[in-house]
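Dumped my_file-v2.txt below, it's compact mmCIF, C-alpha atoms:
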```txt
# COMPACT_ATOMS: atom_id res chain seq x y z
CA MET A 22 158.37 116.31 136.39
CA ASN A 23 159.63 113.41 138.44
CA THR A 24 157.75 114.72 141.47
CA VAL A 25 154.38 114.54 139.67
CA PRO A 26 152.78 111.10 140.00
CA PHE A 27 151.34 109.31 137.01
CA SER A 28 147.62 110.07 136.66
CA LEU A 29 144.96 108.02 134.91
CA ARG A 30 142.72 111.08 135.12
CA ARG A 31 145.08 113.02 132.85
CA VAL A 32 145.18 110.04 130.47
CA GLY A 33 141.38 110.08 130.37
CA LEU A 34 141.27 113.82 129.72
CA ILE A 35 143.74 113.54 126.84
CA ALA A 36 141.79 110.57 125.47
CA GLY A 37 138.59 112.62 125.62
CA VAL A 38 140.18 115.53 123.75
CA THR A 39 141.60 113.08 121.19
CA LEU A 40 138.17 111.54 120.70
CA ARG A 41 136.57 114.93 120.13
CA GLU A 42 139.29 115.87 117.65
CA ALA A 43 138.83 112.57 115.84
CA LEU A 44 135.09 113.07 115.51
CA ARG A 45 135.73 116.43 113.84
CA GLN A 46 138.02 114.94 111.20
CA LYS A 47 136.59 114.88 107.67
CA LEU A 48 138.63 111.75 106.98
CA LEU A 49 136.67 109.84 109.63
CA HIS A 50 133.34 110.94 108.17
CA ALA A 51 134.41 110.06 104.62
CA LEU A 52 135.68 106.57 105.44
CA VAL A 53 132.66 105.75 107.61
CA LEU A 54 130.28 106.84 104.85
CA ILE A 55 132.17 104.88 102.19
CA ALA A 56 132.34 101.74 104.32
CA ALA A 57 128.68 102.02 105.34
CA GLY A 58 127.73 102.58 101.69
CA LEU A 59 129.55 99.41 100.67
CA VAL A 60 127.93 97.41 103.46
CA LEU A 61 124.46 98.71 102.62
CA GLY A 62 124.99 98.30 98.88
CA VAL A 63 126.50 94.84 98.99
CA ARG A 64 123.18 93.25 98.00
CA GLY A 65 123.61 94.82 94.59
CA LEU A 66 126.83 92.79 94.15
CA ARG A 67 125.33 89.42 94.97
CA ASP A 68 125.35 88.39 91.29
CA PHE A 69 129.15 88.38 91.50
CA ASN A 70 129.38 85.89 94.34
CA PHE A 71 131.20 83.24 92.28
CA GLY A 72 128.93 80.45 93.48
CA VAL A 73 129.05 81.32 97.18
CA SER A 74 125.66 81.47 98.90
CA GLU A 75 124.19 84.96 98.95
CA LEU A 76 124.15 85.45 102.72
CA LYS A 77 127.71 84.20 103.11
CA PHE A 78 128.85 86.49 100.31
CA ILE A 79 127.20 89.50 101.94
CA ALA A 80 128.72 88.62 105.32
CA ASP A 81 132.23 88.09 103.88
CA PHE A 82 132.10 91.25 101.78
CA GLY A 83 130.88 93.36 104.67
CA ASP A 84 133.44 91.86 107.02
CA GLY A 85 136.20 92.64 104.52
CA ALA A 86 134.99 96.22 104.16
CA ILE A 87 135.07 96.67 107.93
CA ALA A 88 138.58 95.22 108.15
CA GLY A 89 140.04 97.18 105.23
CA PHE A 90 138.50 100.57 105.90
CA GLY A 91 139.05 100.13 109.64
CA ALA A 92 142.79 99.63 109.08
CA ALA A 93 143.01 102.65 106.76
CA LEU A 94 141.07 104.77 109.23
CA THR A 95 143.15 103.72 112.24
CA ILE A 96 146.52 104.33 110.58
CA ALA A 97 145.60 107.66 109.01
CA LEU A 98 143.71 108.97 112.03
CA THR A 99 146.40 108.04 114.56
CA ALA A 100 149.16 109.64 112.51
CA GLN A 101 147.10 112.74 111.76
CA LEU A 102 146.10 113.36 115.38
CA PHE A 103 149.66 112.83 116.61
CA PHE A 104 151.35 115.10 114.08
CA SER A 105 148.70 117.80 114.36
CA GLU A 106 149.70 118.16 118.00
CA ILE A 107 153.37 118.43 117.01
CA GLU A 108 152.86 120.83 114.08
CA HIS A 109 150.47 123.14 115.94
CA ARG A 110 152.77 123.16 118.98
CA THR A 111 149.93 122.11 121.26
CA ALA A 112 151.99 119.12 122.38
CA LEU A 113 154.74 121.47 123.56
CA THR A 114 152.24 123.54 125.54
CA LEU A 115 150.67 120.45 127.05
CA LEU A 116 153.95 118.76 127.96
CA ALA A 117 155.21 121.98 129.55
CA LYS A 118 152.57 121.37 132.20
CA PRO A 119 152.78 118.50 134.72
CA VAL A 120 151.88 115.90 132.06
CA TRP A 121 153.93 112.80 131.40
CA ARG A 122 154.77 111.87 127.84
CA THR A 123 153.48 108.44 128.75
CA GLU A 124 150.13 110.01 129.63
CA PHE A 125 150.12 111.91 126.35
CA LEU A 126 150.70 108.79 124.24
CA LEU A 127 148.29 106.64 126.24
CA GLY A 128 145.62 109.33 125.90
CA LYS A 129 146.12 109.36 122.13
CA PHE A 130 145.99 105.58 122.02
CA PHE A 131 142.78 105.21 124.01
CA GLY A 132 141.10 108.02 122.10
CA VAL A 133 141.78 106.35 118.75
CA ALA A 134 140.92 102.92 120.19
CA VAL A 135 137.45 104.16 121.16
CA VAL A 136 136.93 105.40 117.60
CA ALA A 137 138.06 102.03 116.21
CA VAL A 138 135.72 100.10 118.52
CA ALA A 139 132.80 102.36 117.63
CA PHE A 140 133.59 101.99 113.91
CA CYS A 141 133.55 98.19 114.16
CA GLY A 142 130.39 98.18 116.28
CA VAL A 143 128.36 100.55 114.10
CA LEU A 144 129.28 98.90 110.81
CA THR A 145 128.77 95.40 112.20
CA ALA A 146 125.29 96.41 113.40
CA THR A 147 124.60 97.80 109.92
CA LEU A 148 125.82 94.58 108.31
CA LEU A 149 123.65 92.50 110.65
CA GLY A 150 120.64 94.62 109.72
CA VAL A 151 121.28 93.99 106.01
CA LEU A 152 121.77 90.26 106.60
CA GLY A 153 118.72 89.95 108.84
CA GLN A 154 116.50 91.72 106.32
CA ARG A 155 117.74 89.57 103.46
CA GLN A 156 117.42 86.39 105.50
CA LEU A 157 113.77 87.12 106.27
CA ALA A 158 113.13 87.90 102.60
CA LEU A 159 114.66 84.58 101.52
CA GLN A 160 112.60 82.68 104.09
CA VAL A 161 109.43 84.26 102.69
CA ASP A 162 110.35 83.99 99.00
CA GLN A 163 111.85 80.48 99.10
CA PRO A 164 110.21 78.62 102.00
CA GLU A 165 110.46 75.25 100.26
CA THR A 166 114.24 75.46 99.79
CA TRP A 167 115.11 77.29 102.99
CA ALA A 168 116.97 75.34 105.64
CA ALA A 169 118.03 76.25 109.14
CA THR A 170 121.66 75.78 108.09
CA HIS A 171 121.29 78.85 105.86
CA ALA A 172 120.70 81.10 108.85
CA VAL A 173 123.24 83.80 109.65
CA ASN A 174 125.40 83.23 112.72
CA PHE A 175 124.92 86.66 114.29
CA GLY A 176 126.98 85.73 117.34
CA ALA A 177 129.99 84.84 115.20
CA LEU A 178 129.76 88.21 113.43
CA TRP A 179 129.85 90.05 116.74
CA VAL A 180 132.89 87.99 117.73
CA ALA A 181 134.50 88.92 114.41
CA ALA A 182 133.77 92.59 115.20
CA TYR A 183 135.49 92.19 118.58
CA LEU A 184 138.53 90.61 116.91
CA HIS A 185 138.63 93.45 114.37
CA ALA A 186 138.54 95.97 117.21
CA LEU A 187 141.45 94.21 118.94
CA LYS A 188 143.45 94.24 115.72
CA LEU A 189 142.74 97.92 115.10
CA ALA A 190 143.74 98.84 118.66
CA LEU A 191 146.99 96.95 118.14
CA LEU A 192 147.45 98.77 114.83
CA ALA A 193 146.93 102.11 116.59
CA ALA A 194 149.69 101.24 119.06
CA GLY A 195 152.01 100.31 116.19
CA THR A 196 151.22 103.56 114.37
CA LEU A 197 152.04 105.57 117.51
CA LEU A 198 155.36 103.72 117.68
CA ALA A 199 156.13 104.70 114.08
CA ALA A 200 154.98 108.28 114.68
CA SER A 201 157.11 108.61 117.82
CA PHE A 202 160.32 108.58 115.76
CA ALA A 203 159.06 109.59 112.29
CA GLN A 204 159.74 113.15 111.18
CA THR A 205 156.77 113.37 108.81
CA GLN A 206 153.22 112.12 108.86
CA ILE A 207 153.51 110.45 105.47
CA PHE A 208 156.47 108.37 106.67
CA ALA A 209 154.53 107.23 109.73
CA VAL A 210 151.56 106.25 107.54
CA MET A 211 153.76 104.36 105.06
CA ALA A 212 155.69 102.57 107.82
CA SER A 213 152.47 101.58 109.57
CA GLY A 214 150.96 100.40 106.29
CA ALA A 215 154.02 98.26 105.61
CA GLY A 216 153.81 96.86 109.13
CA PHE A 217 150.13 96.05 108.59
CA VAL A 218 151.01 94.02 105.49
CA ILE A 219 153.83 92.23 107.31
CA CYS A 220 151.54 91.37 110.21
CA HIS A 221 149.07 89.79 107.80
CA LEU A 222 151.60 87.82 105.75
CA GLN A 223 154.39 86.89 108.16
CA GLY A 224 152.62 83.83 109.58
CA LEU A 225 151.87 82.53 106.10
CA ALA A 226 155.44 83.20 104.96
CA GLN A 227 156.97 81.34 107.90
CA ALA A 228 154.70 78.35 107.33
CA ALA A 229 155.64 78.31 103.63
CA TYR A 230 159.37 78.42 104.40
CA GLU A 231 159.09 75.59 106.92
CA ARG A 232 156.97 73.52 104.54
CA ASN A 233 159.42 73.97 101.64
CA GLY A 234 162.51 73.41 103.76
CA ALA A 235 164.01 76.86 103.08
CA SER A 236 166.38 76.74 106.03
CA LEU A 237 168.15 80.02 105.15
CA MET A 238 164.88 81.94 105.42
CA THR A 239 163.57 80.18 108.52
CA VAL A 240 165.70 82.20 110.97
CA PRO A 241 164.77 85.70 109.68
CA ALA A 242 161.15 84.56 109.30
CA THR A 243 161.16 83.44 112.94
CA LEU A 244 162.60 86.79 114.06
CA ILE A 245 159.92 88.64 112.11
CA HIS A 246 157.33 86.30 113.59
CA TRP A 247 158.28 87.38 117.11
CA MET A 248 158.81 91.05 116.28
CA PHE A 249 155.45 91.52 114.54
CA PRO A 250 152.07 90.22 115.73
CA ASP A 251 150.39 87.66 113.52
CA PHE A 252 147.08 89.16 112.38
CA GLN A 253 145.94 85.75 111.14
CA ARG A 254 145.26 84.95 114.80
CA PHE A 255 142.42 87.48 114.73
CA ALA A 256 140.47 85.65 112.02
CA LEU A 257 137.53 83.40 112.85
CA PRO A 258 137.65 79.81 111.56
CA ALA A 259 135.74 79.16 108.35
CA ASP A 260 132.92 77.48 110.29
CA GLY A 261 132.59 80.50 112.61
CA ALA A 262 133.31 78.39 115.71
CA TRP A 263 134.83 80.18 118.69
CA THR A 264 135.43 79.57 122.38
CA TRP A 265 135.76 81.87 125.37
CA SER A 266 139.24 80.50 126.10
CA GLY A 267 140.28 81.22 122.53
CA LEU A 268 139.02 84.80 122.79
CA ALA A 269 140.87 85.23 126.09
CA GLN A 270 144.11 84.01 124.51
CA VAL A 271 143.77 86.35 121.52
CA THR A 272 142.94 89.26 123.84
CA ALA A 273 146.03 88.57 125.95
CA TYR A 274 148.12 88.22 122.77
CA ALA A 275 146.94 91.62 121.51
CA GLY A 276 147.43 93.17 124.95
CA VAL A 277 151.04 92.04 125.20
CA TYR A 278 152.01 93.31 121.76
CA ALA A 279 150.14 96.60 122.27
CA ALA A 280 151.87 97.12 125.63
CA VAL A 281 155.29 96.47 124.09
CA ALA A 282 154.58 98.81 121.17
CA LEU A 283 153.39 101.57 123.50
CA ALA A 284 156.38 101.10 125.81
CA LEU A 285 158.77 101.44 122.85
CA ALA A 286 156.79 104.47 121.64
CA VAL A 287 157.13 106.13 125.04
CA ARG A 288 160.87 105.46 125.11
CA SER A 289 161.30 106.90 121.62
CA PHE A 290 159.06 109.90 122.32
CA ARG A 291 161.01 110.79 125.48
CA GLU A 292 164.13 111.27 123.38
CA ARG A 293 162.34 113.38 120.77
CA GLU A 294 162.35 117.16 120.75
CA VAL A 295 158.77 118.40 120.50
```
Once you've parsed the file, please lay out its structure as structure tokens.
Amino acid sequence: MNTVPFSLRRVGLIAGVTLREALRQKLLHALVLIAAGLVLGVRGLRDFNFGVSELKFIADFGDGAIAGFGAALTIALTAQLFFSEIEHRTALTLLAKPVWRTEFLLGKFFGVAVVAVAFCGVLTATLLGVLGQRQLALQVDQPETWAATHAVNFGALWVAAYLHALKLALLAAGTLLAASFAQTQIFAVMASGAGFVICHLQGLAQAAYERNGASLMTVPATLIHWMFPDFQRFALPADGAWTWSGLAQVTAYAGVYAAVALALAVRSFREREV
């Protein structure tokens, strides 16, 4: 095996097979349909907007649906595709050939990442269609009260979709890390779900400890802060403002954590009997 050089072509082939397997999963179809249904049906919930303007409510609700269902899809799909290879012994057959375990894991990662990007792109386009249609209707129905400030910031929504895709790719890498040492699929899903919650709350927890002067908790909170990525970094500001330099920093941040997670997954998977 040491005489066989690493091949990006083999990574691409494994990613392609992973993508085809993912597209055949009923779970993917179910979650996409549910999320799309929520995005399309969000106009029916506008009476429950608690005083928030209708367009902002639709945008926030749709964005939350994309984030929540995207995370559930990424965790479940990554774990399912990984363990199906183990349980059906196809991984053993594949790794018996001149294929690196690194290539196997990277192929799985990129295959799921493509699904996550497509999920974010399709649902964001659907959300933009709903918002654009409603915005035109409001301009026609209420021309005297309409103002340019009410217009939807379509560019900011596409940036939010990009940030969601980065977060889901990072989540896929973390799920592969959990799956590389987990003995069961359910454990990998639960561990990844717990990690997802930690990544969302750890930045807030550290800030709260520092603000309240809880010195005993500051050290473990700092360790957790460095061990787990802070998913709050992937949220747009309330005003929707963004810069190219900010996007580049967040992309590099996600890339570093994803690379570390995948490197640890490869190390763990090398020591695992398939």
Protein and nucleic acid residues near (120.0, 83.6, 106.6) (cut-off 8 Å, only C-alpha atoms) as a list of chain:residue names: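 Taken together, the residues in range are A:Leu76, A:Leu152, A:Gly153, A:Arg155, A:Gln156, A:Leu157, A:Leu159, A:Gln160, A:His171, A:Ala172, A:Val173.
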Return as JSON lines the residues of segment 72-130 of chain A lying at most 12 Å from segment 255-261 of chain A, together with the closest atom-to-atom pair for each and the distance in Å to one decimal, counting all atoms listed in the file, with rows in chain order and ascending residue number.
```
{"residue": "A:Lys77", "atom": "CA", "partner": "A:Ala259", "partner_atom": "CA", "distance": 10.8}
{"residue": "A:Ala80", "atom": "CA", "partner": "A:Gly261", "partner_atom": "CA", "distance": 11.6}
{"residue": "A:Asp81", "atom": "CA", "partner": "A:Ala259", "partner_atom": "CA", "distance": 10.6}
{"residue": "A:Asp84", "atom": "CA", "partner": "A:Ala256", "partner_atom": "CA", "distance": 10.6}
{"residue": "A:Gly85", "atom": "CA", "partner": "A:Ala256", "partner_atom": "CA", "distance": 11.1}
{"residue": "A:Ala88", "atom": "CA", "partner": "A:Ala256", "partner_atom": "CA", "distance": 10.5}
```
In terms of the shortest atom-to-atom distance over only C-alpha atoms, which of A:Leu116, A:Leu40, A:Ala158, A:Leu187 is closest to Glu294 of chain A?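 Between A:Leu116, A:Leu40, A:Ala158, A:Leu187, the residue approaching Glu294 of chain A most closely is A:Leu116.
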If I wrap all listed atoms of segment 50-55 of chain A in a box with edges along x, y and z and add 5 Å on each side, what are its centre and edge lengths in Å to one decimal, as AutoDock Vina command-line options?
```
--center_x 133.0 --center_y 107.9 --center_z 105.2 --size_x 15.4 --size_y 16.1 --size_z 16.0
```
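Using all atoms listed in the file, the shortest contact distance between Phe131 of chain A and any of A:Ala190, A:Leu29, A:Ala86, A:Val60 is found at A:Ala190.
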Please determine, counting all atoms listed in the file, which residue among A:Ala139, A:Leu54, A:Val218, A:Leu144 has the shortest atom-to-atom distance to Leu192 of chain A. A:Val218
Using all atoms listed in the file for the distances, tell me which of A:Ala43, A:Val161, A:Val138, A:Ala51 is nearest to Gln101 of chain A.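 Comparing A:Ala43, A:Val161, A:Val138, A:Ala51 against Gln101 of chain A, the winner is A:Ala43.
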Check the smallest atom-to-atom distance from each of A:Leu98, A:Leu222, A:Ile79, A:Ala284 to Gly132 of chain A using all atoms listed in the file, then report the winner.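 Under the stated criterion, the closest residue is A:Leu98.
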Using only C-alpha atoms, which of the listed residues (A:Ala137, A:Trp263, A:Phe249, A:Ala199) sits closest to Trp179 of chain A?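 The shortest atom-to-atom distance to Trp179 of chain A comes from A:Trp263.
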Atom CA of Phe252 of chain A to atom CA of Phe290 of chain A, straight-line distance in Å: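 Straight-line distance from atom CA of Phe290 of chain A to atom CA of Phe252 of chain A works out to 25.9 Å.
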At a cut-off of 12 Å, using all atoms listed in the file, what residues contact Val136 of chain A? Leave out same-chain residues fewer than 2 positions from it and give the result as a PDB file with C-alpha atoms, keeping the file's coordinate frame.
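File written: selection_13.pdb
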```pdb
ATOM      1  CA  ALA A  36     141.790 110.570 125.470  1.00  0.00           C
ATOM      2  CA  GLY A  37     138.590 112.620 125.620  1.00  0.00           C
ATOM      3  CA  THR A  39     141.600 113.080 121.190  1.00  0.00           C
ATOM      4  CA  LEU A  40     138.170 111.540 120.700  1.00  0.00           C
ATOM      5  CA  ARG A  41     136.570 114.930 120.130  1.00  0.00           C
ATOM      6  CA  GLU A  42     139.290 115.870 117.650  1.00  0.00           C
ATOM      7  CA  ALA A  43     138.830 112.570 115.840  1.00  0.00           C
ATOM      8  CA  LEU A  44     135.090 113.070 115.510  1.00  0.00           C
ATOM      9  CA  ARG A  45     135.730 116.430 113.840  1.00  0.00           C
ATOM     10  CA  GLN A  46     138.020 114.940 111.200  1.00  0.00           C
ATOM     11  CA  LEU A  49     136.670 109.840 109.630  1.00  0.00           C
ATOM     12  CA  HIS A  50     133.340 110.940 108.170  1.00  0.00           C
ATOM     13  CA  VAL A  53     132.660 105.750 107.610  1.00  0.00           C
ATOM     14  CA  GLY A  91     139.050 100.130 109.640  1.00  0.00           C
ATOM     15  CA  ALA A  92     142.790  99.630 109.080  1.00  0.00           C
ATOM     16  CA  LEU A  94     141.070 104.770 109.230  1.00  0.00           C
ATOM     17  CA  THR A  95     143.150 103.720 112.240  1.00  0.00           C
ATOM     18  CA  ILE A  96     146.520 104.330 110.580  1.00  0.00           C
ATOM     19  CA  LEU A  98     143.710 108.970 112.030  1.00  0.00           C
ATOM     20  CA  THR A  99     146.400 108.040 114.560  1.00  0.00           C
ATOM     21  CA  LYS A 129     146.120 109.360 122.130  1.00  0.00           C
ATOM     22  CA  PHE A 130     145.990 105.580 122.020  1.00  0.00           C
ATOM     23  CA  PHE A 131     142.780 105.210 124.010  1.00  0.00           C
ATOM     24  CA  GLY A 132     141.100 108.020 122.100  1.00  0.00           C
ATOM     25  CA  VAL A 133     141.780 106.350 118.750  1.00  0.00           C
ATOM     26  CA  ALA A 134     140.920 102.920 120.190  1.00  0.00           C
ATOM     27  CA  VAL A 138     135.720 100.100 118.520  1.00  0.00           C
ATOM     28  CA  ALA A 139     132.800 102.360 117.630  1.00  0.00           C
ATOM     29  CA  PHE A 140     133.590 101.990 113.910  1.00  0.00           C
ATOM     30  CA  CYS A 141     133.550  98.190 114.160  1.00  0.00           C
ATOM     31  CA  GLY A 142     130.390  98.180 116.280  1.00  0.00           C
ATOM     32  CA  VAL A 143     128.360 100.550 114.100  1.00  0.00           C
ATOM     33  CA  ALA A 186     138.540  95.970 117.210  1.00  0.00           C
ATOM     34  CA  LEU A 189     142.740  97.920 115.100  1.00  0.00           C
ATOM     35  CA  ALA A 190     143.740  98.840 118.660  1.00  0.00           C
ATOM     36  CA  ALA A 193     146.930 102.110 116.590  1.00  0.00           C
TER      37      ALA A 193
END
```
Can you tell me, as a PyMOL selection string, which residues sit within 12 Å of (162.4, 115.0, 123.3) in the file's frame, using all atoms listed in the file? chain A and resi 107+112-113+116-117+121-122+201-202+287-295
